[in-house]
Structures are given as structure tokens and as C-alpha cells.
file query.cif (mmCIF, C-alpha atoms)
data_upload
#
loop_
_atom_site.label_atom_id
_atom_site.label_comp_id
_atom_site.auth_asym_id
_atom_site.auth_seq_id
_atom_site.Cartn_x
_atom_site.Cartn_y
_atom_site.Cartn_z
CA MET U 20 -42.27 32.71 -285.42
CA ASP U 21 -41.61 31.56 -281.85
CA VAL U 22 -38.34 32.23 -280.05
CA LEU U 23 -36.89 28.73 -280.44
CA GLU U 24 -37.68 28.78 -284.15
CA ALA U 25 -35.96 32.15 -284.54
CA LEU U 26 -32.85 31.04 -282.67
CA LEU U 27 -32.64 27.76 -284.53
CA ASP U 28 -32.64 29.67 -287.78
CA GLY U 29 -29.04 30.58 -286.96
CA PRO U 30 -27.35 27.16 -286.87
CA ARG U 31 -28.65 26.13 -290.29
CA ALA U 32 -26.72 23.51 -292.22
CA ARG U 33 -25.18 24.80 -295.46
CA GLY U 34 -23.05 22.09 -297.00
CA ALA U 35 -22.65 20.47 -293.58
CA PHE U 36 -20.06 17.74 -293.11
CA LEU U 37 -21.93 14.44 -292.83
CA LEU U 38 -20.34 11.04 -292.34
CA ARG U 39 -21.28 7.49 -291.37
CA MET U 40 -18.39 5.91 -289.45
CA LEU U 41 -17.82 2.17 -288.99
CA LEU U 42 -15.39 1.56 -286.15
CA ASP U 43 -13.85 -1.58 -284.70
CA PRO U 44 -12.58 -1.48 -281.09
CA PRO U 45 -10.26 -0.25 -279.86
CA TRP U 46 -10.82 3.14 -281.50
CA SER U 47 -10.55 6.74 -280.42
CA LEU U 48 -11.06 9.95 -282.41
CA ARG U 49 -9.59 13.22 -281.15
CA ASN U 50 -11.88 15.98 -282.46
CA GLU U 51 -10.02 19.24 -283.13
CA ASP U 52 -12.23 20.62 -285.91
CA GLU U 53 -13.40 23.47 -283.62
CA ALA U 54 -16.87 23.40 -285.17
CA PRO U 55 -19.49 25.27 -283.14
CA LEU U 56 -21.88 22.33 -283.08
CA THR U 57 -21.80 18.63 -283.97
CA VAL U 58 -24.57 16.04 -283.91
CA PHE U 59 -23.61 12.47 -283.02
CA ALA U 60 -25.96 9.50 -283.26
CA VAL U 61 -25.02 5.92 -282.43
CA LEU U 62 -26.73 3.57 -284.86
CA ARG U 63 -25.03 0.43 -283.55
CA GLY U 64 -22.82 -0.27 -280.57
CA SER U 65 -21.87 2.49 -278.15
CA ALA U 66 -19.40 5.37 -277.75
CA TRP U 67 -18.01 7.68 -275.09
CA ILE U 68 -17.76 11.45 -275.48
CA CYS U 69 -14.83 12.67 -273.40
CA HIS U 70 -14.05 16.33 -272.69
CA ASP U 71 -10.67 16.96 -271.15
CA GLU U 72 -11.88 18.28 -267.79
CA ARG U 73 -15.36 16.73 -267.48
CA PRO U 74 -16.63 13.22 -266.75
CA PRO U 75 -17.02 11.06 -269.89
CA LEU U 76 -20.54 10.50 -271.21
CA ARG U 77 -21.72 7.18 -272.68
CA VAL U 78 -23.90 7.25 -275.80
CA GLU U 79 -25.70 4.02 -276.67
CA ALA U 80 -27.37 2.74 -279.82
CA GLY U 81 -30.42 4.83 -280.70
CA GLN U 82 -29.31 7.87 -278.71
CA VAL U 83 -28.50 11.33 -280.11
CA ALA U 84 -25.95 13.77 -278.70
CA VAL U 85 -25.32 17.40 -279.63
CA VAL U 86 -21.79 18.53 -278.78
CA LEU U 87 -20.85 22.20 -278.58
CA GLY U 88 -17.48 23.49 -279.77
CA PRO U 89 -15.01 24.91 -280.25
CA ASP U 90 -13.30 23.04 -277.40
CA HIS U 91 -11.51 19.84 -278.36
CA TYR U 92 -12.84 16.49 -277.17
CA THR U 93 -12.50 12.76 -277.84
CA VAL U 94 -15.03 10.19 -279.01
CA ALA U 95 -13.95 6.61 -278.25
CA ASP U 96 -15.02 3.05 -277.60
CA ASP U 97 -13.71 3.45 -274.05
CA PRO U 98 -12.52 6.53 -272.11
CA ALA U 99 -9.16 4.82 -271.56
CA THR U 100 -8.44 4.24 -275.26
CA PRO U 101 -5.76 6.70 -276.48
CA PRO U 102 -6.59 8.64 -279.68
CA ASP U 103 -5.48 6.97 -282.90
CA VAL U 104 -7.10 9.52 -285.25
CA VAL U 105 -7.18 13.32 -285.09
CA VAL U 106 -10.04 15.11 -286.88
CA TYR U 107 -9.41 18.62 -288.22
CA PRO U 108 -11.68 21.26 -289.85
CA GLY U 109 -13.49 20.07 -292.96
CA GLY U 110 -13.39 16.45 -291.87
CA ARG U 111 -9.68 16.05 -292.58
CA CYS U 112 -8.36 13.17 -290.49
CA ASN U 113 -4.79 12.17 -289.76
CA SER U 114 -3.12 9.41 -287.80
CA ALA U 115 -2.36 10.43 -284.23
CA ASP U 116 0.86 8.38 -284.40
CA ASP U 117 2.62 9.59 -287.53
CA GLY U 118 0.36 12.33 -288.93
CA ARG U 119 -0.39 10.59 -292.22
CA ALA U 120 -3.66 11.38 -293.97
CA LEU U 121 -6.27 8.67 -293.41
CA TRP U 122 -9.28 9.75 -295.44
CA ASP U 123 -8.49 7.84 -298.65
CA GLU U 124 -6.95 4.96 -296.77
CA ARG U 125 -10.14 4.23 -294.79
CA SER U 126 -12.83 5.49 -297.17
CA LEU U 127 -15.67 2.99 -297.62
CA GLY U 128 -17.74 4.72 -300.29
CA ILE U 129 -20.36 7.46 -300.22
CA ARG U 130 -20.06 9.41 -296.95
CA THR U 131 -18.82 6.27 -295.20
CA TRP U 132 -15.45 5.84 -293.48
CA GLY U 133 -13.66 3.46 -291.17
CA ASP U 134 -13.48 -0.34 -290.92
CA PRO U 135 -15.75 -2.54 -293.10
CA ASP U 136 -16.48 -4.90 -290.19
CA GLY U 137 -16.76 -2.21 -287.53
CA ASP U 138 -18.96 -3.13 -284.56
CA CYS U 139 -19.85 0.51 -283.87
CA VAL U 140 -21.70 2.69 -286.39
CA LEU U 141 -21.72 6.42 -285.76
CA LEU U 142 -23.57 9.10 -287.68
CA VAL U 143 -21.82 12.49 -287.51
CA GLY U 144 -23.17 15.82 -288.73
CA THR U 145 -20.99 18.90 -288.27
CA TYR U 146 -22.17 22.51 -288.47
CA GLU U 147 -19.10 24.43 -289.57
CA GLY U 148 -20.52 27.96 -289.26
CA ASP U 149 -22.22 29.82 -286.44
CA GLY U 150 -24.07 33.09 -286.06
CA GLU U 151 -24.85 35.84 -283.59
CA ALA U 152 -28.60 35.19 -283.78
CA SER U 153 -28.13 31.65 -282.46
CA ARG U 154 -25.83 32.67 -279.61
CA PRO U 155 -28.61 32.78 -276.95
CA LEU U 156 -29.57 29.25 -277.93
CA LEU U 157 -26.05 27.81 -277.88
CA SER U 158 -25.11 29.61 -274.66
CA ALA U 159 -28.08 27.98 -272.92
CA LEU U 160 -26.89 24.46 -273.73
CA PRO U 161 -24.46 22.28 -271.78
CA ASP U 162 -21.32 20.98 -273.47
CA VAL U 163 -23.22 17.85 -274.47
CA VAL U 164 -26.97 17.47 -274.95
CA LEU U 165 -27.95 13.80 -274.77
CA LEU U 166 -31.39 12.36 -275.46
CA GLY U 167 -32.38 9.05 -273.92
CA HIS U 168 -33.72 6.12 -275.92
CA GLU U 169 -37.32 7.10 -275.31
CA GLU U 170 -36.69 10.70 -276.47
CA ALA U 171 -34.45 10.21 -279.51
CA PRO U 172 -36.09 10.70 -282.95
CA THR U 173 -35.37 7.18 -284.22
CA SER U 174 -37.36 7.51 -287.45
CA LEU U 175 -35.42 10.66 -288.41
CA LEU U 176 -32.14 8.89 -287.73
CA ASN U 177 -33.08 6.03 -289.99
CA VAL U 178 -34.07 8.33 -292.86
CA LEU U 179 -30.89 10.39 -292.57
CA ALA U 180 -28.70 7.27 -292.39
CA GLU U 181 -30.29 5.89 -295.56
CA GLU U 182 -30.09 9.16 -297.48
CA MET U 183 -26.43 9.62 -296.57
CA GLN U 184 -25.57 6.61 -298.70
CA ILE U 185 -27.25 8.04 -301.80
CA GLU U 186 -25.63 10.32 -304.38
CA ALA U 187 -28.18 12.15 -306.53
CA PRO U 188 -28.94 15.67 -307.80
CA GLY U 189 -29.84 17.95 -304.91
CA GLN U 190 -28.67 15.41 -302.34
CA ARG U 191 -26.49 17.82 -300.38
CA ALA U 192 -29.41 20.23 -299.89
CA LEU U 193 -31.65 17.34 -298.86
CA LEU U 194 -29.11 16.10 -296.31
CA ASP U 195 -28.67 19.61 -294.91
CA ARG U 196 -32.40 19.88 -294.32
CA LEU U 197 -32.61 16.43 -292.74
CA LEU U 198 -29.74 17.31 -290.40
CA ASP U 199 -31.55 20.54 -289.47
CA VAL U 200 -34.72 18.59 -288.69
CA LEU U 201 -32.76 16.16 -286.51
CA LEU U 202 -31.11 19.05 -284.63
CA ILE U 203 -34.38 20.96 -284.14
CA SER U 204 -36.21 17.85 -282.96
CA THR U 205 -33.40 16.99 -280.54
CA LEU U 206 -33.11 20.46 -279.00
CA ARG U 207 -36.86 21.02 -278.80
CA THR U 208 -37.30 17.71 -277.00
CA TRP U 209 -34.39 18.43 -274.66
CA PHE U 210 -35.69 21.88 -273.68
CA ALA U 211 -39.29 20.69 -273.28
CA GLY U 212 -38.22 17.97 -270.86
CA ARG U 213 -36.24 20.43 -268.74
CA ARG U 214 -38.52 23.46 -268.69
CA ASP U 215 -37.71 24.41 -265.10
CA GLU U 216 -34.00 24.58 -265.97
CA ALA U 217 -34.52 26.27 -269.34
CA PRO U 218 -33.38 29.85 -270.00
CA GLY U 219 -35.78 32.78 -269.67
CA TRP U 220 -36.45 33.08 -273.41
CA PHE U 221 -37.68 29.47 -273.52
CA ARG U 222 -39.98 29.86 -270.50
CA ALA U 223 -41.19 33.22 -271.82
CA GLN U 224 -42.65 31.74 -274.98
CA HIS U 225 -45.06 29.76 -272.82
CA ASP U 226 -46.35 32.93 -271.15
CA PRO U 227 -49.51 33.99 -273.06
CA ALA U 228 -48.68 37.70 -273.15
CA VAL U 229 -44.88 37.69 -273.34
CA GLY U 230 -44.84 34.76 -275.75
CA GLU U 231 -47.18 36.60 -278.10
CA ALA U 232 -45.05 39.75 -277.88
CA LEU U 233 -41.89 37.81 -278.67
CA ALA U 234 -43.55 36.24 -281.69
CA LEU U 235 -44.52 39.71 -282.93
CA LEU U 236 -40.98 41.04 -282.46
CA HIS U 237 -39.45 38.15 -284.37
CA GLN U 238 -42.03 38.18 -287.15
CA GLU U 239 -41.79 41.92 -287.78
CA VAL U 240 -38.34 42.91 -286.59
CA ALA U 241 -38.26 46.07 -288.75
CA HIS U 242 -41.55 47.44 -287.39
CA PRO U 243 -41.11 50.58 -285.22
CA TRP U 244 -42.28 48.85 -282.07
CA THR U 245 -42.92 50.65 -278.80
CA VAL U 246 -43.64 49.21 -275.39
CA GLU U 247 -47.08 50.81 -275.53
CA GLU U 248 -47.95 49.15 -278.83
CA LEU U 249 -46.72 45.72 -277.72
CA ALA U 250 -48.64 46.01 -274.45
CA ALA U 251 -51.81 46.91 -276.33
CA GLN U 252 -51.32 43.97 -278.71
CA VAL U 253 -51.17 41.48 -275.84
CA GLY U 254 -53.86 43.10 -273.69
CA LEU U 255 -51.78 44.43 -270.80
CA SER U 256 -50.98 47.87 -269.44
CA ARG U 257 -47.61 49.29 -270.36
CA ALA U 258 -46.28 48.93 -266.81
CA ALA U 259 -47.58 45.38 -266.30
CA PHE U 260 -46.23 44.24 -269.65
CA GLY U 261 -42.82 45.80 -269.04
CA ARG U 262 -42.51 44.15 -265.62
CA ARG U 263 -43.60 40.74 -266.90
CA PHE U 264 -41.29 40.84 -269.93
CA THR U 265 -38.28 41.96 -267.90
CA ALA U 266 -38.88 39.34 -265.19
CA LEU U 267 -38.85 36.52 -267.76
CA LEU U 268 -36.23 37.75 -270.23
CA GLY U 269 -33.93 39.60 -267.86
CA GLU U 270 -34.09 42.83 -269.87
CA PRO U 271 -36.76 45.33 -271.01
CA PRO U 272 -38.62 44.82 -274.31
CA MET U 273 -36.81 47.52 -276.27
CA SER U 274 -33.41 46.34 -275.06
CA TYR U 275 -34.25 42.79 -276.17
CA LEU U 276 -35.42 44.07 -279.56
CA ALA U 277 -32.26 46.14 -280.08
CA GLY U 278 -30.04 43.15 -279.32
CA TRP U 279 -32.02 40.88 -281.62
CA ARG U 280 -31.90 43.40 -284.47
CA LEU U 281 -28.13 43.74 -284.20
CA ALA U 282 -27.61 39.96 -283.97
CA LEU U 283 -29.63 39.48 -287.15
CA ALA U 284 -27.67 42.25 -288.82
CA ALA U 285 -24.36 40.64 -287.83
CA ASP U 286 -25.42 37.37 -289.47
CA LEU U 287 -26.67 39.18 -292.59
CA LEU U 288 -23.38 41.03 -292.94
CA VAL U 289 -21.67 37.65 -293.28
CA SER U 290 -24.29 35.75 -295.28
CA SER U 291 -25.31 38.44 -297.81
CA ASP U 292 -23.73 41.16 -299.90
CA ALA U 293 -26.47 43.71 -299.14
CA THR U 294 -25.31 47.24 -298.45
CA VAL U 295 -25.18 48.58 -294.91
CA ALA U 296 -28.05 50.93 -295.75
CA ALA U 297 -30.20 48.03 -296.97
CA LEU U 298 -29.40 45.97 -293.87
CA ALA U 299 -30.22 48.91 -291.62
CA ARG U 300 -33.70 49.15 -293.14
CA GLN U 301 -34.16 45.38 -293.02
CA VAL U 302 -33.62 45.21 -289.27
CA GLY U 303 -35.55 48.35 -288.38
CA TYR U 304 -33.08 51.25 -288.28
CA GLY U 305 -34.10 54.58 -289.77
CA SER U 306 -30.67 55.42 -291.15
CA PRO U 307 -27.31 53.75 -291.87
CA PHE U 308 -25.68 56.16 -289.40
CA SER U 309 -27.86 55.17 -286.44
CA PHE U 310 -27.44 51.50 -287.33
CA SER U 311 -23.64 51.76 -287.64
CA ALA U 312 -23.38 53.62 -284.32
CA ALA U 313 -25.50 51.02 -282.52
CA PHE U 314 -23.60 48.16 -284.14
CA LYS U 315 -20.22 49.56 -283.13
CA ARG U 316 -21.39 50.01 -279.53
CA ALA U 317 -22.46 46.37 -279.43
CA TYR U 318 -19.62 44.71 -281.37
CA GLY U 319 -16.74 47.15 -281.05
CA VAL U 320 -16.28 47.57 -284.81
CA SER U 321 -18.24 49.10 -287.65
CA PRO U 322 -20.48 46.91 -289.81
CA GLN U 323 -17.96 47.13 -292.66
CA GLN U 324 -15.10 46.07 -290.38
CA TYR U 325 -17.17 43.20 -288.98
CA ARG U 326 -17.97 41.95 -292.49
CA ALA U 327 -14.34 42.18 -293.58
CA GLY U 328 -13.10 40.43 -290.45
CA ARG U 329 -15.50 37.52 -290.77
CA ALA U 330 -14.74 37.17 -294.49
CA SER U 331 -11.03 36.75 -293.77
CA ALA U 332 -11.54 34.41 -290.79
#

call {"tool": "encode", "arguments": {"input": "query.cif", "output": "C-alpha cells"}}
result
Amino acid sequence: MDVLEALLDGPRARGAFLLRMLLDPPWSLRNEDEAPLTVFAVLRGSAWICHDERPPLRVEAGQVAVVLGPDHYTVADDPATPPDVVVYPGGRCNSADDGRALWDERSLGIRTWGDPDGDCVLLVGTYEGDGEASRPLLSALPDVVLLGHEEAPTSLLNVLAEEMQIEAPGQRALLDRLLDVLLISTLRTWFAGRRDEAPGWFRAQHDPAVGEALALLHQEVAHPWTVEELAAQVGLSRAAFGRRFTALLGEPPMSYLAGWRLALAADLLVSSDATVAALARQVGYGSPFSFSAAFKRAYGVSPQQYRAGRASA
């Protein structure tokens, strides 16, 4: 498992909100759903993504944009168009003028909403949950990732757009996976085209020794790794490996491993009902006590408190 694969395992769609929107100018959607990540694709026409304190960004037909939350932003036919719809968590949408609910009023069938004769067609996929394991990935991205026409995965867009209009057994799971593929393809292409600007963990996976070591750490996170063993696995001395790893990742190997183990544990506390003892073993801690102590140092609360807090959020 390479680093990008491991980080992308965090923002995985589980019952993601997916919608095809047909919009007739003038239109403007104020997005206040506070989702950690949303994928926008323009299938026809064009749109502007407008953050409150940043220059607006134009998205044209065939392009894909990934927008990071939870900050609010506006998607419109023109940056000057005032919002007429406000989007809230779960896809709930109300009129910006009088607050009335608009979902039923403008529903156009299966996962389709808006105006029947709309000139602009948007595909929207919203990830409504996030995770600690994906934080290094999301923190390395700008507010909006935009792929040009020559980079965008057009064939994936077409498949997803077609499948969104089908209702069949297992369709939600299928759509989740297709959205994941679109996101992974988009981010992988974006990073690959900007390698010099990419974070250390992305550049590190292209280093023969450090990349191999990272793959080992992610594949066998519970293994009792030492710097000596990792260095031997990749054919370097302990000192040379430690220097090379730290120069690329910004921290020593064991520090990186400890942070990764705790990030995985944080996500597992939310996504599973496994006991703290079982989670401790799963991420490589010898005892629940040592795991709980390390977790509290990193997150400020015990594993049980973290689980309870996320459950009530």
C-alpha cells in the first residue's frame, strides 16, 4: 500500500450525497453543508466557485473540481449573482429569500434536481464524514483542486452520470465506489502534475528506499518496527535511512509510525465497535494502557472519550 492509497482510504464514500443539478441562469447556490470534501463536475455549461475571501474560480464543461470544507462558499452562473438557494447538511436546500424548503418543489426524478430546461448541468458528490488518517492528504490540498480539460477523467464522469439516474439493488454502494474512483483519479492526477509543490509524503513515495519503507509501515502497521529493521529492509545503514526519511517526511521514522497508528486508531474508534484493547493490538500497541496514554497525549482525551464525543457530534 503506497502513501496516497493509505491516505485516500480515509475519505471513503459511505452513503455519499450524490446529485445531478440542472440549472437555468441566473442561479446561485450558497453551500453551508460544512462537508469536509465535495466533488463538482460540470457536464454542460459552466459554473463559478466563489469563496468569500478568495478570487472566484471558473469551472467549464468537462472539468472536475474538489472543494474542501467546512468553510461556506457559493457556486453560481456568475460571481455577481446573489444566492437564491442555501444548501444545508444532508442536501437539504431552502430558498435564500423566504427559507421555504425547495427539494420537493424542484425535484426532477432520481438524484436529479433543478430546472427541466437548465442550460448548466452539474454533478455533485458530497463526502459527509472525514477521518484522522486522511488529514495529511486534505491539509496538503488548496481550497479548490481543479483539473483542466486534458486532465479530467471524462469517461469516469460519463459512467457516474449515467449510473446516478438508475435505481436498482446495490446502487448506492455502486455509486459510492464510482465517486471514490473519481476522487482518487482526480487527486492522483493533480498531485502527479505538481510534484515539485507536493507535500513531503507524496515526494517520499518516489524515493526508492523511503517509498519502500513507507509501504512496509502502511501494510504492516501492527508490526514492531524498528529503525534498524526498516533500514535493513531497504538496504541502507540506520543513520543514512534515518536522515533520508526525516529529510523527506519532516519527522523520524518512529515518530511518523506513531502518528499514523494513532490516526488509524482514531478512525477505528468511530467506525467500529471494537474494544480499546482490540484496537490497541490492531495498530501495534502492546497493551491498552500504553495505547490509551499515547492517544491522550496526541488528542487530549482518552480513546473512550474520543469515541463518545464523535458519536454525539

call {"tool": "residues_around", "arguments": {"input": "query.cif", "residues": "Leu127 in chain U", "least_positions_apart": "4", "cutoff": "12 Å", "atoms": "all atoms listed in the file", "output": "list in words"}}
result
Leu38, Arg39, Met40, Leu41, Leu42, Leu121, Trp122, Asp123, Thr131, Trp132, Gly133, Asp134, Pro135, Asp136, Gly137 and Gln184 of chain U

call {"tool": "resolve_selection", "arguments": {"input": "query.cif", "expression": "the PyMOL selection byres ((chain U and resi 71-83) around 6)", "output": "ChimeraX atom specification"}}
result
/U:59-70,84,165-168,171

call {"tool": "closest_residue", "arguments": {"input": "query.cif", "among": "U:Leu283, U:Ala99, U:Glu186, U:Thr245", "to": "Arg154 in chain U", "atoms": "only C-alpha atoms"}}
result
U:Leu283

call {"tool": "residues_around", "arguments": {"input": "query.cif", "residues": "Phe314 in chain U", "least_positions_apart": "2", "cutoff": "12 Å", "atoms": "all atoms listed in the file", "output": "count of residues only"}}
result
32

call {"tool": "axis_aligned_box", "arguments": {"input": "query.cif", "around": "range 56-69 of chain U", "padding_each_side": "8 Å", "output": "lines of an AutoDock Vina configuration file"}}
result
center_x = -20.8
center_y = 11.0
center_z = -279.1
size_x = 27.9
size_y = 38.6
size_z = 27.5

call {"tool": "closest_residue", "arguments": {"input": "query.cif", "among": "U:Arg49, U:His91, U:Arg207, U:Arg213", "to": "Arg111 in chain U", "atoms": "only C-alpha atoms"}}
result
U:Arg49

call {"tool": "atom_distance", "arguments": {"input": "query.cif", "atom1": "CA of His242 in chain U", "atom2": "CA of Ser158 in chain U"}}
result
27.4 Å

call {"tool": "resolve_selection", "arguments": {"input": "query.cif", "expression": "the PyMOL selection byres ((chain U and resi 241) around 10)", "output": "PDB file with C-alpha atoms, keeping the file's coordinate frame"}}
result
ATOM      1  CA  LEU U 236     -40.980  41.040-282.460  1.00  0.00           C
ATOM      2  CA  HIS U 237     -39.450  38.150-284.370  1.00  0.00           C
ATOM      3  CA  GLN U 238     -42.030  38.180-287.150  1.00  0.00           C
ATOM      4  CA  GLU U 239     -41.790  41.920-287.780  1.00  0.00           C
ATOM      5  CA  VAL U 240     -38.340  42.910-286.590  1.00  0.00           C
ATOM      6  CA  HIS U 242     -41.550  47.440-287.390  1.00  0.00           C
ATOM      7  CA  PRO U 243     -41.110  50.580-285.220  1.00  0.00           C
ATOM      8  CA  TRP U 244     -42.280  48.850-282.070  1.00  0.00           C
ATOM      9  CA  LEU U 276     -35.420  44.070-279.560  1.00  0.00           C
ATOM     10  CA  ARG U 280     -31.900  43.400-284.470  1.00  0.00           C
ATOM     11  CA  ALA U 299     -30.220  48.910-291.620  1.00  0.00           C
ATOM     12  CA  ARG U 300     -33.700  49.150-293.140  1.00  0.00           C
ATOM     13  CA  GLN U 301     -34.160  45.380-293.020  1.00  0.00           C
ATOM     14  CA  VAL U 302     -33.620  45.210-289.270  1.00  0.00           C
ATOM     15  CA  GLY U 303     -35.550  48.350-288.380  1.00  0.00           C
ATOM     16  CA  TYR U 304     -33.080  51.250-288.280  1.00  0.00           C
ATOM     17  CA  GLY U 305     -34.100  54.580-289.770  1.00  0.00           C
TER      18      GLY U 305
END

call {"tool": "resolve_selection", "arguments": {"input": "query.cif", "expression": "the PyMOL selection byres ((chain U and resi 250-252) around 12)", "output": "PyMOL selection string"}}
result
chain U and resi 227-236+244-249+253-264+272

call {"tool": "closest_residue", "arguments": {"input": "query.cif", "among": "U:Leu157, U:Ile129, U:Leu179, U:Val164", "to": "Leu194 in chain U", "atoms": "all atoms listed in the file"}}
result
U:Leu179

call {"tool": "atom_distance", "arguments": {"input": "query.cif", "atom1": "CA of Thr208 in chain U", "atom2": "CA of Gly144 in chain U"}}
result
18.5 Å

call {"tool": "residues_around", "arguments": {"input": "query.cif", "residues": "Trp46 in chain U", "least_positions_apart": "3", "cutoff": "9 Å", "atoms": "all atoms listed in the file", "output": "CSV table (one decimal) with C-alpha atoms, in the frame of the given file"}}
result
chain,number,residue,atom,x,y,z
U,42,LEU,CA,-15.4,1.6,-286.2
U,43,ASP,CA,-13.8,-1.6,-284.7
U,94,VAL,CA,-15.0,10.2,-279.0
U,95,ALA,CA,-14.0,6.6,-278.2
U,96,ASP,CA,-15.0,3.0,-277.6
U,97,ASP,CA,-13.7,3.4,-274.0
U,100,THR,CA,-8.4,4.2,-275.3
U,101,PRO,CA,-5.8,6.7,-276.5
U,102,PRO,CA,-6.6,8.6,-279.7
U,103,ASP,CA,-5.5,7.0,-282.9
U,104,VAL,CA,-7.1,9.5,-285.2

call {"tool": "closest_residue", "arguments": {"input": "query.cif", "among": "U:Ala115, U:Ala330, U:Ala180, U:Ala192", "to": "Val140 in chain U", "atoms": "all atoms listed in the file"}}
result
U:Ala180

call {"tool": "atom_distance", "arguments": {"input": "query.cif", "atom1": "CA of Ala120 in chain U", "atom2": "CA of Val106 in chain U"}}
result
10.2 Å

call {"tool": "closest_residue", "arguments": {"input": "query.cif", "among": "U:Lys315, U:Val289, U:Arg222, U:Leu197", "to": "Gly269 in chain U", "atoms": "only C-alpha atoms"}}
result
U:Arg222

call {"tool": "residues_near_point", "arguments": {"input": "query.cif", "point": "(-32.0, 19.1, -285.1)", "cutoff": "10 Å", "atoms": "all atoms listed in the file", "output": "list of chain:residue names"}}
result
U:Leu27, U:Pro30, U:Arg31, U:Ala32, U:Val58, U:Val83, U:Val85, U:Pro172, U:Leu175, U:Arg196, U:Leu197, U:Leu198, U:Asp199, U:Val200, U:Leu201, U:Leu202, U:Ile203, U:Ser204, U:Thr205, U:Leu206, U:Arg207, U:Thr208

call {"tool": "residues_around", "arguments": {"input": "query.cif", "residues": "Asp90 in chain U", "least_positions_apart": "2", "cutoff": "7 Å", "atoms": "all atoms listed in the file", "output": "number ranges by chain"}}
result
U: 53, 88, 92
